[in-house]
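my_file_8.cif (mmCIF, C-alpha atoms)
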data_run
loop_
_atom_site.label_atom_id
_atom_site.label_comp_id
_atom_site.auth_asym_id
_atom_site.auth_seq_id
_atom_site.Cartn_x
_atom_site.Cartn_y
_atom_site.Cartn_z
CA MET A 1 290.11 -72.50 232.08
CA ARG A 2 292.34 -70.43 229.80
CA VAL A 3 292.79 -72.28 226.53
CA ILE A 4 294.83 -71.42 223.44
CA GLY A 5 293.53 -72.73 220.12
CA LEU A 6 296.05 -73.08 217.28
CA MET A 7 295.03 -73.34 213.65
CA SER A 8 296.65 -73.36 210.22
CA GLY A 9 294.26 -73.99 207.38
CA THR A 10 294.58 -75.40 203.90
CA SER A 11 295.97 -72.09 202.67
CA TYR A 12 299.07 -72.78 204.86
CA ASP A 13 300.04 -69.11 204.97
CA ALA A 14 300.07 -68.56 208.74
CA ILE A 15 299.40 -69.97 212.18
CA ASP A 16 296.50 -68.36 214.05
CA ALA A 17 296.24 -68.51 217.82
CA ALA A 18 293.14 -67.50 219.75
CA ALA A 19 292.91 -67.51 223.53
CA ALA A 20 289.69 -67.89 225.48
CA ASP A 21 288.42 -68.26 229.02
CA LEU A 22 286.10 -71.28 228.91
CA ARG A 23 283.77 -72.50 231.64
CA LEU A 24 280.73 -74.71 231.96
CA ASP A 25 277.63 -73.07 233.39
CA GLY A 26 274.74 -75.52 233.61
CA ASP A 27 274.02 -76.69 230.08
CA SER A 28 275.98 -73.79 228.54
CA LEU A 29 279.63 -73.47 227.62
CA VAL A 30 280.64 -69.84 228.14
CA LEU A 31 283.47 -68.49 225.98
CA ARG A 32 285.13 -65.17 226.76
CA PRO A 33 287.45 -64.19 223.89
CA LEU A 34 290.87 -62.96 225.00
CA GLY A 35 292.20 -62.07 221.57
CA MET A 36 294.26 -63.53 218.78
CA VAL A 37 297.75 -63.40 217.35
CA GLY A 38 299.10 -64.76 214.09
CA ASP A 39 302.50 -65.70 212.76
CA ALA A 40 303.30 -66.30 209.12
CA TYR A 41 305.20 -69.44 208.32
CA GLY A 42 308.84 -68.75 207.60
CA ALA A 43 309.89 -69.01 203.97
CA GLU A 44 311.74 -72.28 204.59
CA VAL A 45 308.71 -74.01 206.07
CA ARG A 46 306.23 -72.52 203.61
CA ASP A 47 308.31 -73.49 200.57
CA ALA A 48 309.00 -76.99 201.89
CA LEU A 49 305.32 -77.50 202.66
CA ALA A 50 304.25 -76.29 199.22
CA ALA A 51 306.77 -78.65 197.61
CA ALA A 52 305.49 -81.64 199.58
CA LEU A 53 301.71 -81.21 199.23
CA PRO A 54 299.68 -83.15 196.62
CA PRO A 55 299.99 -83.60 193.74
CA ALA A 56 303.73 -83.38 194.41
CA ALA A 57 305.67 -86.47 195.46
CA THR A 58 307.48 -86.43 198.78
CA THR A 59 309.46 -88.72 201.10
CA LEU A 60 309.00 -89.91 204.64
CA ALA A 61 312.19 -88.05 205.48
CA GLU A 62 310.61 -84.78 204.33
CA VAL A 63 307.39 -85.52 206.21
CA CYS A 64 309.44 -86.12 209.36
CA ARG A 65 311.33 -82.87 208.83
CA LEU A 66 308.11 -80.91 208.27
CA ASP A 67 306.47 -82.50 211.31
CA THR A 68 309.28 -81.10 213.44
CA LEU A 69 309.54 -77.68 211.77
CA ILE A 70 305.78 -77.11 211.91
CA GLY A 71 305.63 -78.33 215.51
CA GLN A 72 308.34 -75.83 216.42
CA ALA A 73 306.50 -73.03 214.58
CA PHE A 74 303.26 -73.86 216.42
CA ALA A 75 305.18 -73.91 219.71
CA ALA A 76 306.55 -70.41 219.08
CA THR A 77 303.07 -69.07 218.32
CA ALA A 78 301.62 -70.77 221.42
CA LEU A 79 304.31 -69.17 223.57
CA ARG A 80 303.52 -65.77 222.10
CA ALA A 81 299.78 -66.24 222.68
CA ASP A 82 300.33 -67.28 226.28
CA ARG A 83 302.53 -64.25 226.91
CA GLU A 84 300.48 -61.63 225.06
CA LEU A 85 296.92 -62.86 225.57
CA CYS A 86 296.98 -64.88 228.79
CA ASP A 87 299.63 -63.11 230.89
CA GLY A 88 301.50 -66.40 231.04
CA ARG A 89 298.56 -68.15 232.72
CA ALA A 90 297.24 -70.41 229.96
CA GLU A 91 296.29 -73.92 231.13
CA LEU A 92 295.81 -75.83 227.88
CA VAL A 93 296.73 -75.70 224.21
CA ALA A 94 294.56 -77.24 221.49
CA SER A 95 296.45 -77.63 218.22
CA HIS A 96 294.83 -78.47 214.91
CA GLY A 97 298.21 -78.90 213.23
CA GLN A 98 298.71 -78.61 209.49
CA THR A 99 296.63 -80.82 207.22
CA VAL A 100 298.83 -82.39 204.57
CA TYR A 101 296.53 -85.14 203.30
CA HIS A 102 292.88 -86.14 203.57
CA TRP A 103 292.41 -89.63 202.10
CA THR A 104 289.00 -90.11 200.47
CA ASP A 105 287.88 -93.14 198.50
CA GLY A 106 284.46 -93.37 196.89
CA GLY A 107 283.00 -90.72 199.18
CA GLN A 108 284.36 -92.40 202.32
CA VAL A 109 287.26 -90.92 204.26
CA ARG A 110 289.88 -93.58 205.00
CA GLY A 111 292.39 -91.45 206.84
CA THR A 112 293.75 -87.99 207.43
CA LEU A 113 297.12 -86.55 208.38
CA GLN A 114 297.78 -83.36 210.32
CA ILE A 115 301.42 -82.74 211.19
CA GLY A 116 303.11 -80.40 213.65
CA GLN A 117 304.39 -82.60 216.48
CA PRO A 118 302.59 -81.52 219.69
CA ALA A 119 305.52 -82.56 221.89
CA TRP A 120 307.33 -79.41 220.74
CA ILE A 121 304.39 -77.29 221.94
CA ALA A 122 304.22 -79.06 225.31
CA GLU A 123 307.98 -78.78 225.79
CA ALA A 124 308.10 -75.08 224.92
CA THR A 125 305.03 -73.99 226.91
CA GLY A 126 304.99 -76.56 229.70
CA LEU A 127 301.26 -76.97 229.00
CA PRO A 128 299.24 -80.06 228.10
CA VAL A 129 298.34 -80.18 224.41
CA VAL A 130 295.29 -81.70 222.76
CA ALA A 131 296.07 -82.55 219.13
CA ASP A 132 295.32 -85.03 216.33
CA LEU A 133 291.63 -84.26 216.63
CA ARG A 134 290.28 -85.63 213.34
CA PRO A 135 291.21 -89.36 213.23
CA ARG A 136 288.87 -90.52 216.00
CA ASP A 137 285.79 -89.41 214.06
CA ILE A 138 287.13 -91.15 210.95
CA ALA A 139 287.69 -94.35 212.91
CA ALA A 140 284.01 -94.11 213.91
CA GLY A 141 283.00 -93.99 210.24
CA GLY A 142 282.85 -90.20 209.90
CA GLN A 143 284.41 -87.72 207.52
CA GLY A 144 286.61 -86.12 210.20
CA ALA A 145 285.31 -82.77 208.97
CA PRO A 146 284.02 -80.16 209.28
CA LEU A 147 285.15 -80.50 212.91
CA VAL A 148 283.91 -77.00 213.73
CA SER A 149 280.35 -78.17 213.09
CA LEU A 150 279.65 -79.08 216.73
CA VAL A 151 280.83 -75.64 217.85
CA ASP A 152 278.63 -74.02 215.18
CA LEU A 153 275.60 -76.02 216.33
CA LEU A 154 276.13 -74.95 219.94
CA TRP A 155 276.80 -71.36 218.93
CA LEU A 156 273.79 -70.88 216.64
CA ARG A 157 271.26 -72.78 218.76
CA GLY A 158 268.14 -70.72 219.39
CA ARG A 159 268.81 -68.26 216.60
CA PRO A 160 265.61 -67.75 214.54
CA GLY A 161 265.13 -69.23 211.10
CA THR A 162 267.78 -71.40 209.49
CA PRO A 163 271.12 -69.71 210.15
CA VAL A 164 274.09 -71.28 208.38
CA ALA A 165 277.67 -70.96 209.59
CA LEU A 166 280.08 -70.67 206.65
CA ASN A 167 283.86 -70.87 206.79
CA LEU A 168 285.83 -69.53 203.83
CA GLY A 169 289.36 -70.89 204.11
CA GLY A 170 291.27 -72.80 201.48
CA ILE A 171 288.21 -75.05 201.38
CA ALA A 172 284.72 -73.77 202.21
CA ASN A 173 282.47 -75.59 204.65
CA LEU A 174 279.08 -74.93 206.17
CA THR A 175 276.95 -76.09 209.08
CA ALA A 176 273.14 -75.94 209.19
CA PRO A 177 270.97 -76.10 212.36
CA ASP A 178 269.73 -79.63 211.59
CA GLY A 179 273.32 -80.87 211.84
CA THR A 180 273.98 -81.00 208.12
CA ALA A 181 277.62 -80.03 207.57
CA PHE A 182 279.99 -80.50 204.65
CA ASP A 183 282.78 -79.03 202.57
CA THR A 184 281.19 -77.15 199.69
CA GLY A 185 284.39 -77.13 197.58
CA PRO A 186 287.19 -74.61 197.14
CA ALA A 187 287.10 -71.20 198.78
CA GLY A 188 290.61 -69.81 198.36
CA ALA A 189 292.35 -73.02 197.22
CA LEU A 190 292.08 -72.53 193.45
CA ILE A 191 292.22 -68.73 193.63
CA ASP A 192 295.48 -68.92 195.60
CA ALA A 193 296.88 -71.55 193.23
CA ALA A 194 296.20 -69.31 190.24
CA VAL A 195 297.66 -66.24 191.93
CA ARG A 196 300.84 -68.12 192.82
CA HIS A 197 301.15 -69.58 189.33
CA PHE A 198 300.60 -66.36 187.41
CA THR A 199 302.05 -63.71 189.73
CA GLY A 200 304.20 -65.39 192.37
CA ARG A 201 302.10 -63.82 195.13
CA ALA A 202 300.48 -65.84 197.90
CA TYR A 203 296.89 -64.69 197.40
CA ASP A 204 294.68 -62.05 195.78
CA THR A 205 294.95 -59.17 198.26
CA ASP A 206 291.56 -57.46 198.66
CA GLY A 207 290.34 -59.28 195.54
CA ALA A 208 292.19 -56.69 193.42
CA LEU A 209 293.13 -59.08 190.61
CA ALA A 210 289.63 -60.56 190.40
CA ALA A 211 288.20 -57.04 190.31
CA ARG A 212 290.26 -56.32 187.18
CA GLY A 213 289.18 -59.49 185.40
CA THR A 214 286.06 -60.76 183.69
CA VAL A 215 284.39 -64.11 184.27
CA HIS A 216 285.07 -66.54 181.41
CA GLU A 217 281.85 -68.52 181.10
CA PRO A 218 283.28 -71.57 179.25
CA LEU A 219 285.91 -72.01 181.93
CA LEU A 220 283.32 -71.54 184.67
CA ARG A 221 281.05 -74.17 183.10
CA ARG A 222 284.00 -76.57 182.77
CA LEU A 223 284.89 -76.15 186.44
CA LEU A 224 281.27 -76.52 187.58
CA ASP A 225 281.19 -79.97 185.94
CA GLU A 226 283.32 -81.28 188.83
CA PRO A 227 281.50 -84.39 190.19
CA TYR A 228 282.29 -83.48 193.81
CA TYR A 229 279.63 -80.76 193.84
CA ALA A 230 276.86 -83.29 193.15
CA LEU A 231 277.84 -85.70 195.95
CA PRO A 232 275.45 -85.88 198.90
CA ALA A 233 276.44 -84.71 202.37
CA PRO A 234 278.30 -85.54 204.51
CA LYS A 235 281.32 -85.04 202.26
CA THR A 236 284.78 -83.55 202.58
CA THR A 237 287.50 -82.53 200.19
CA GLY A 238 290.81 -80.71 200.13
CA LYS A 239 293.84 -79.74 198.09
CA GLU A 240 294.22 -83.38 197.14
CA LEU A 241 291.59 -82.50 194.52
CA PHE A 242 291.59 -78.72 194.17
CA HIS A 243 295.18 -77.77 193.37
CA ARG A 244 297.19 -76.02 190.67
CA ASP A 245 297.40 -78.97 188.28
CA TYR A 246 293.63 -79.43 188.52
CA LEU A 247 293.22 -75.83 187.35
CA LEU A 248 295.82 -76.16 184.60
CA ALA A 249 294.09 -79.28 183.27
CA ALA A 250 290.83 -77.32 183.04
CA LEU A 251 292.56 -74.43 181.32
CA ALA A 252 294.22 -76.78 178.85
CA THR A 253 290.82 -77.82 177.50
CA LEU A 254 289.65 -74.24 176.91
CA ALA A 255 292.34 -71.60 176.88
CA ASP A 256 295.26 -70.51 174.79
CA PRO A 257 298.24 -72.74 175.73
CA ALA A 258 300.22 -69.53 176.32
CA VAL A 259 298.18 -69.04 179.50
CA LEU A 260 299.59 -72.26 180.94
CA ALA A 261 303.15 -71.22 180.29
CA THR A 262 302.82 -67.71 181.69
CA PRO A 263 305.59 -67.34 184.27
CA ALA A 264 305.27 -65.45 187.52
CA VAL A 265 305.07 -61.84 186.39
CA ALA A 266 305.07 -58.49 188.09
CA VAL A 267 301.67 -56.86 188.34
CA GLU A 268 300.56 -53.58 189.81
CA PRO A 269 300.63 -53.52 193.61
CA ALA A 270 297.17 -54.19 194.99
CA ALA A 271 297.12 -50.85 196.76
CA SER A 272 297.34 -49.04 193.44
CA VAL A 273 294.43 -50.89 191.88
CA ALA A 274 291.17 -48.99 192.04
CA PRO A 275 288.36 -51.28 193.23
CA ALA A 276 286.20 -52.44 190.37
CA ALA A 277 282.51 -53.18 190.45
CA PRO A 278 282.19 -56.38 192.48
CA ALA A 279 280.08 -58.10 189.83
CA ALA A 280 282.59 -59.31 187.27
CA THR A 281 281.50 -58.95 183.68
CA THR A 282 280.96 -61.95 181.47
CA ALA A 283 283.68 -62.47 178.88
CA PRO A 284 282.98 -63.45 175.27
CA THR A 285 282.26 -67.15 174.91
CA ASP A 286 285.30 -67.96 172.79
CA THR A 287 288.38 -69.75 174.07
CA GLY A 288 290.92 -67.18 173.04
CA THR A 289 293.68 -65.87 175.21
CA LEU A 290 292.73 -65.54 178.86
CA ALA A 291 294.40 -62.90 180.96
CA HIS A 292 295.38 -64.19 184.39
CA GLN A 293 292.99 -61.65 185.95
CA ASP A 294 290.15 -63.33 184.01
CA VAL A 295 291.15 -66.73 185.38
CA ILE A 296 291.17 -65.36 188.93
CA ALA A 297 287.82 -63.62 188.44
CA THR A 298 286.36 -66.89 187.14
CA LEU A 299 287.69 -68.86 190.11
CA THR A 300 286.28 -66.28 192.49
CA ARG A 301 282.88 -66.65 190.82
CA LEU A 302 283.25 -70.46 191.03
CA THR A 303 283.68 -70.20 194.80
CA ALA A 304 280.69 -67.87 195.16
CA ARG A 305 278.49 -70.04 192.93
CA THR A 306 279.30 -73.38 194.58
CA VAL A 307 279.00 -71.95 198.09
CA ALA A 308 275.66 -70.34 197.22
CA ASP A 309 274.36 -73.59 195.71
CA ALA A 310 275.26 -75.38 198.94
CA VAL A 311 273.67 -72.66 201.10
CA ARG A 312 270.44 -72.86 199.10
CA SER A 313 270.40 -76.66 199.42
CA VAL A 314 269.94 -76.39 203.20
CA GLY A 315 267.29 -73.65 203.04
CA ALA A 316 269.34 -71.00 204.78
CA THR A 317 267.64 -67.81 205.93
CA GLU A 318 270.94 -66.11 206.82
CA VAL A 319 274.65 -66.83 206.41
CA ILE A 320 277.24 -66.07 209.08
CA ALA A 321 280.67 -66.21 207.46
CA SER A 322 284.18 -66.44 208.84
CA GLY A 323 287.67 -67.25 207.59
CA GLY A 324 290.18 -65.50 205.38
CA GLY A 325 287.78 -65.32 202.45
CA THR A 326 285.69 -62.74 204.30
CA ARG A 327 288.58 -60.29 203.73
CA ASN A 328 288.11 -60.55 199.95
CA PRO A 329 285.46 -57.93 199.12
CA VAL A 330 285.02 -59.19 195.56
CA LEU A 331 284.27 -62.72 196.76
CA MET A 332 281.86 -61.45 199.41
CA ALA A 333 280.08 -59.21 196.88
CA MET A 334 279.77 -62.11 194.42
CA LEU A 335 278.42 -64.33 197.17
CA ALA A 336 275.82 -61.71 198.09
CA GLU A 337 274.81 -61.53 194.41
CA GLU A 338 274.43 -65.30 194.27
CA LEU A 339 272.21 -65.26 197.38
CA PRO A 340 269.65 -62.50 196.82
CA GLY A 341 267.37 -62.08 199.80
CA VAL A 342 269.61 -64.07 202.16
CA PRO A 343 271.39 -61.77 204.66
CA LEU A 344 275.15 -62.29 204.71
CA HIS A 345 277.03 -61.36 207.90
CA THR A 346 280.44 -62.13 209.32
CA SER A 347 280.86 -63.86 212.66
CA ASP A 348 282.15 -60.57 214.15
CA ALA A 349 278.51 -59.50 214.42
CA LEU A 350 277.91 -62.40 216.83
CA GLY A 351 280.99 -61.84 218.95
CA LEU A 352 283.53 -64.16 217.30
CA PRO A 353 286.17 -62.46 215.11
CA ALA A 354 285.92 -63.84 211.59
CA ALA A 355 289.70 -64.15 211.30
CA ALA A 356 289.98 -66.25 214.48
CA LYS A 357 286.74 -68.22 214.61
CA GLU A 358 288.30 -71.57 213.70
CA ALA A 359 291.09 -71.11 216.24
CA TYR A 360 288.45 -70.39 218.90
CA ALA A 361 286.54 -73.48 217.76
CA PHE A 362 289.59 -75.68 218.29
CA ALA A 363 290.09 -74.15 221.73
CA VAL A 364 286.55 -75.32 222.50
CA LEU A 365 287.22 -78.80 221.15
CA GLY A 366 290.39 -79.10 223.24
CA PHE A 367 288.48 -78.03 226.35
CA LEU A 368 285.79 -80.64 225.68
CA THR A 369 288.39 -83.37 225.18
CA LEU A 370 290.21 -82.59 228.41
CA HIS A 371 286.90 -82.80 230.29
CA GLY A 372 285.92 -86.09 228.67
CA LEU A 373 283.12 -84.51 226.62
CA VAL A 374 282.32 -85.34 223.00
CA GLY A 375 283.43 -83.03 220.21
CA THR A 376 281.39 -84.32 217.28
CA ASP A 377 277.80 -84.59 216.13
CA PRO A 378 277.24 -87.66 213.92
CA ARG A 379 274.65 -85.77 211.88
CA SER A 380 277.47 -83.52 210.67
CA THR A 381 280.28 -85.98 210.01
CA GLY A 382 278.36 -89.17 209.25
CA ALA A 383 280.02 -91.10 212.09
CA ARG A 384 278.32 -94.00 213.83
CA HIS A 385 278.42 -92.19 217.17
CA PRO A 386 279.78 -89.02 218.80
CA SER A 387 283.39 -89.17 220.01
CA VAL A 388 285.75 -87.58 222.47
CA LEU A 389 288.44 -86.33 220.11
CA GLY A 390 292.18 -86.25 219.92
CA SER A 391 295.25 -87.30 221.83
CA VAL A 392 296.66 -85.49 224.86
CA THR A 393 300.36 -84.75 225.37
CA PRO A 394 301.02 -84.04 229.05
CA GLY A 395 302.58 -80.75 230.10
CA ARG A 396 305.48 -80.18 232.47
CA ASP A 397 303.27 -81.02 235.45
CA GLY A 398 301.36 -83.82 233.78
CA LEU A 399 297.64 -83.40 233.18
CA PRO A 400 295.48 -80.93 235.09
CA ARG A 401 292.86 -82.35 237.41
CA VAL A 402 289.44 -81.66 236.00
CA PRO A 403 286.01 -82.88 237.10
CA ARG A 404 284.58 -85.87 235.28
CA GLY A 405 281.01 -86.88 234.57
CA LEU A 406 280.10 -83.38 233.45
CA LYS A 407 276.97 -82.65 231.48
CA GLN A 408 277.45 -82.16 227.75
CA PRO A 409 276.75 -78.50 226.90
CA VAL A 410 273.89 -77.76 224.53
CA ARG A 411 274.78 -74.15 223.69
CA LEU A 412 277.81 -71.91 223.37
CA VAL A 413 277.48 -68.46 224.90
CA ILE A 414 279.91 -65.67 223.97
CA GLY A 415 280.42 -63.41 226.92
#

Would you mind writing the file out in structure tokens?
Amino acid sequence: MRVIGLMSGTSYDAIDAAAADLRLDGDSLVLRPLGMVGDAYGAEVRDALAAALPPAATTLAEVCRLDTLIGQAFAATALRADRELCDGRAELVASHGQTVYHWTDGGQVRGTLQIGQPAWIAEATGLPVVADLRPRDIAAGGQGAPLVSLVDLLWLRGRPGTPVALNLGGIANLTAPDGTAFDTGPAGALIDAAVRHFTGRAYDTDGALAARGTVHEPLLRRLLDEPYYALPAPKTTGKELFHRDYLLAALATLADPAVLATPAVAVEPAASVAPAAPAATTAPTDTGTLAHQDVIATLTRLTARTVADAVRSVGATEVIASGGGTRNPVLMAMLAEELPGVPLHTSDALGLPAAAKEAYAFAVLGFLTLHGLVGTDPRSTGARHPSVLGSVTPGRDGLPRVPRGLKQPVRLVIG
């Protein structure tokens, strides 16, 4: 079956689409990658989404408007993926949608909201759409995340040692072979928030700003005091916690108030910045004026430190990373420094492009749902039982006929 997986992460910069041929072969699920495409959100959608996300206030009218606009944007990307990757012969779309809120209370997830109305995708493509994948696990007592954990467990099964799958998106998450899976904390979320606040850019291209800065140890210590890092797994988090105002509150306790008021300023284009040594230097331990590059370097070190702490906690013997953070060489170098003796690879080395791995994972989850197979492992999410995930919007011809009573796969084979 040709399946298109659609994904937009907590960085909300673009929609990724990955297409795969998927088939069951005995106890294996065989995935043949067909490629990926990506479309940036238009300025109208991106700005409206940024204005509506926590800690900002919004209205139900704006949520309704965004649900439609994002659904239409996903539909356009799905059409493109079907045309360019599947020769117009896709059979199913699996859409993650756009996470706008993840409701946690005392370590328990009470609800989650991903918008991007799937009816627009079904109408545009004529294909059935599996969407709204997270709530079923939450209803079963789970965290609803990381949903890619089942795919990681199937994919890494049989690999020697204790390989850990790591995703570096807006939020970082990992999966260990024993089923332990959790969000480690921010990956790009705080870095992106600082870059937008200080420069007006969307993110730190190639880690160029972090490379020019120095780590400010008092700020790093203040940020590491966040109670979330000490919570036991399973646990999940999001931009409900790690957002711009969270960063500004931390800066207010340590830095020159002028830092907080710094408007978006022009900085040298990333291409003109010579790469610095990946290991950022330690700044003096006073709380004088912080350059915005120092803030960004500190946040990059925060991500590397908290991810490495989480990786060590599960006894990893190697890390296989994916997500947008793998394109930041400063972050990857810092992470390697924080994990001496632990090999750090990207998922490309195992056949899944790092930039598209989550989109492929959601293609797998959609395939499992359509065939009545479970898409969660309770060891990873903390649910009472595994669940078949999501809701299905019929395509132009209804739902495809698929065999039932199939055996749950125990491994994912890339081939």

### Query
What lies within 12 Å of Pro160 (chain A) using only C-alpha atoms, ignoring chain neighbours under 5 positions off, as number ranges by chain?
A: 177, 316-318

Output C-alpha atoms for every residue in that selection, as a JSON list (two decimals), in the coordinates of the input.
[["chain", "number", "residue", "atom", "x", "y", "z"],
["A", 177, "PRO", "CA", 270.97, -76.10, 212.36],
["A", 316, "ALA", "CA", 269.34, -71.00, 204.78],
["A", 317, "THR", "CA", 267.64, -67.81, 205.93],
["A", 318, "GLU", "CA", 270.94, -66.11, 206.82]]

### Query
Which residues match the PyMOL selection byres ((chain A and resi 367) around 12) in the file above, as a VMD selection string?
chain A and resid 1 to 5 19 to 24 29 to 31 91 to 95 128 to 131 133 151 360 to 366 368 to 375 388 to 390 392 400 402 408 to 409

### Message
Which residue is closest to Asp82 (chain A)? Choose from A:His96, A:Asp105, A:Thr58, A:Gly35 and count only C-alpha atoms.
### Response
A:Gly35

### Message
I want to know what sits within 9 Å of Asp348 (chain A), based on only C-alpha atoms, with residues of the same chain fewer than 2 positions away left out; could you give that as a list in words?
### Response
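Contacts, in chain order: Ile320, Ala321, Ser322, His345, Thr346, Leu350, Gly351, Leu352, Pro353, Ala354, Ala355 and Lys357 of chain A.
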
Once the PyMOL selection byres ((chain A and resi 114) around 12) has been applied to the shown file, what residues remain in the selection, as a CSV table (one decimal) with C-alpha atoms, keeping the file's coordinate frame?
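Result file is result-v3.csv:
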chain,number,residue,atom,x,y,z
A,7,MET,CA,295.0,-73.3,213.6
A,8,SER,CA,296.6,-73.4,210.2
A,9,GLY,CA,294.3,-74.0,207.4
A,10,THR,CA,294.6,-75.4,203.9
A,12,TYR,CA,299.1,-72.8,204.9
A,53,LEU,CA,301.7,-81.2,199.2
A,63,VAL,CA,307.4,-85.5,206.2
A,66,LEU,CA,308.1,-80.9,208.3
A,67,ASP,CA,306.5,-82.5,211.3
A,70,ILE,CA,305.8,-77.1,211.9
A,71,GLY,CA,305.6,-78.3,215.5
A,95,SER,CA,296.4,-77.6,218.2
A,96,HIS,CA,294.8,-78.5,214.9
A,97,GLY,CA,298.2,-78.9,213.2
A,98,GLN,CA,298.7,-78.6,209.5
A,99,THR,CA,296.6,-80.8,207.2
A,100,VAL,CA,298.8,-82.4,204.6
A,101,TYR,CA,296.5,-85.1,203.3
A,102,HIS,CA,292.9,-86.1,203.6
A,103,TRP,CA,292.4,-89.6,202.1
A,111,GLY,CA,292.4,-91.4,206.8
A,112,THR,CA,293.8,-88.0,207.4
A,113,LEU,CA,297.1,-86.6,208.4
A,115,ILE,CA,301.4,-82.7,211.2
A,116,GLY,CA,303.1,-80.4,213.6
A,117,GLN,CA,304.4,-82.6,216.5
A,118,PRO,CA,302.6,-81.5,219.7
A,131,ALA,CA,296.1,-82.6,219.1
A,132,ASP,CA,295.3,-85.0,216.3
A,133,LEU,CA,291.6,-84.3,216.6
A,134,ARG,CA,290.3,-85.6,213.3
A,135,PRO,CA,291.2,-89.4,213.2
A,144,GLY,CA,286.6,-86.1,210.2
A,390,GLY,CA,292.2,-86.2,219.9

#### Entry: Residues returned when the PyMOL selection byres ((chain A and resi 295) around 12) runs on this file, as a VMD selection string
chain A and resid 190 to 195 197 to 198 204 209 to 220 223 247 to 248 250 to 251 254 to 256 259 to 260 280 282 to 283 289 to 294 296 to 302

Generate the coordinates of N, CA and C atoms for region 135-150 of chain A; report them as an mmCIF file, in the coordinates of the input.
data_model
loop_
_atom_site.group_PDB
_atom_site.id
_atom_site.type_symbol
_atom_site.label_atom_id
_atom_site.label_comp_id
_atom_site.auth_asym_id
_atom_site.auth_seq_id
_atom_site.Cartn_x
_atom_site.Cartn_y
_atom_site.Cartn_z
ATOM 1 N N PRO A 135 291.264 -87.921 213.505
ATOM 2 C CA PRO A 135 291.210 -89.360 213.230
ATOM 3 C C PRO A 135 290.154 -90.144 213.996
ATOM 4 N N ARG A 136 289.833 -89.728 215.233
ATOM 5 C CA ARG A 136 288.870 -90.520 216.000
ATOM 6 C C ARG A 136 287.510 -90.559 215.320
ATOM 7 N N ASP A 137 287.080 -89.436 214.763
ATOM 8 C CA ASP A 137 285.790 -89.410 214.060
ATOM 9 C C ASP A 137 285.848 -90.289 212.820
ATOM 10 N N ILE A 138 286.979 -90.294 212.135
ATOM 11 C CA ILE A 138 287.130 -91.150 210.950
ATOM 12 C C ILE A 138 287.081 -92.618 211.334
ATOM 13 N N ALA A 139 287.729 -92.970 212.442
ATOM 14 C CA ALA A 139 287.690 -94.350 212.910
ATOM 15 C C ALA A 139 286.265 -94.790 213.246
ATOM 16 N N ALA A 140 285.411 -93.819 213.611
ATOM 17 C CA ALA A 140 284.010 -94.110 213.910
ATOM 18 C C ALA A 140 283.129 -94.033 212.669
ATOM 19 N N GLY A 141 283.758 -93.987 211.486
ATOM 20 C CA GLY A 141 283.000 -93.990 210.240
ATOM 21 C C GLY A 141 282.650 -92.616 209.706
ATOM 22 N N GLY A 142 283.182 -91.542 210.330
ATOM 23 C CA GLY A 142 282.850 -90.200 209.900
ATOM 24 C C GLY A 142 283.838 -89.622 208.908
ATOM 25 N N GLN A 143 283.563 -88.410 208.491
ATOM 26 C CA GLN A 143 284.410 -87.720 207.520
ATOM 27 C C GLN A 143 285.593 -87.009 208.187
ATOM 28 N N GLY A 144 285.554 -86.864 209.510
ATOM 29 C CA GLY A 144 286.610 -86.120 210.200
ATOM 30 C C GLY A 144 286.542 -84.635 209.941
ATOM 31 N N ALA A 145 285.475 -84.177 209.333
ATOM 32 C CA ALA A 145 285.310 -82.770 208.970
ATOM 33 C C ALA A 145 283.848 -82.552 208.570
ATOM 34 N N PRO A 146 283.353 -81.302 208.641
ATOM 35 C CA PRO A 146 284.020 -80.160 209.280
ATOM 36 C C PRO A 146 283.954 -80.316 210.798
ATOM 37 N N LEU A 147 285.117 -80.306 211.460
ATOM 38 C CA LEU A 147 285.150 -80.500 212.910
ATOM 39 C C LEU A 147 284.545 -79.320 213.655
ATOM 40 N N VAL A 148 284.501 -78.152 213.030
ATOM 41 C CA VAL A 148 283.910 -77.000 213.730
ATOM 42 C C VAL A 148 282.398 -77.089 213.800
ATOM 43 N N SER A 149 281.809 -78.112 213.180
ATOM 44 C CA SER A 149 280.350 -78.170 213.090
ATOM 45 C C SER A 149 279.692 -78.245 214.467
ATOM 46 N N LEU A 150 280.260 -79.008 215.406
ATOM 47 C CA LEU A 150 279.650 -79.080 216.730
ATOM 48 C C LEU A 150 279.647 -77.705 217.394
#
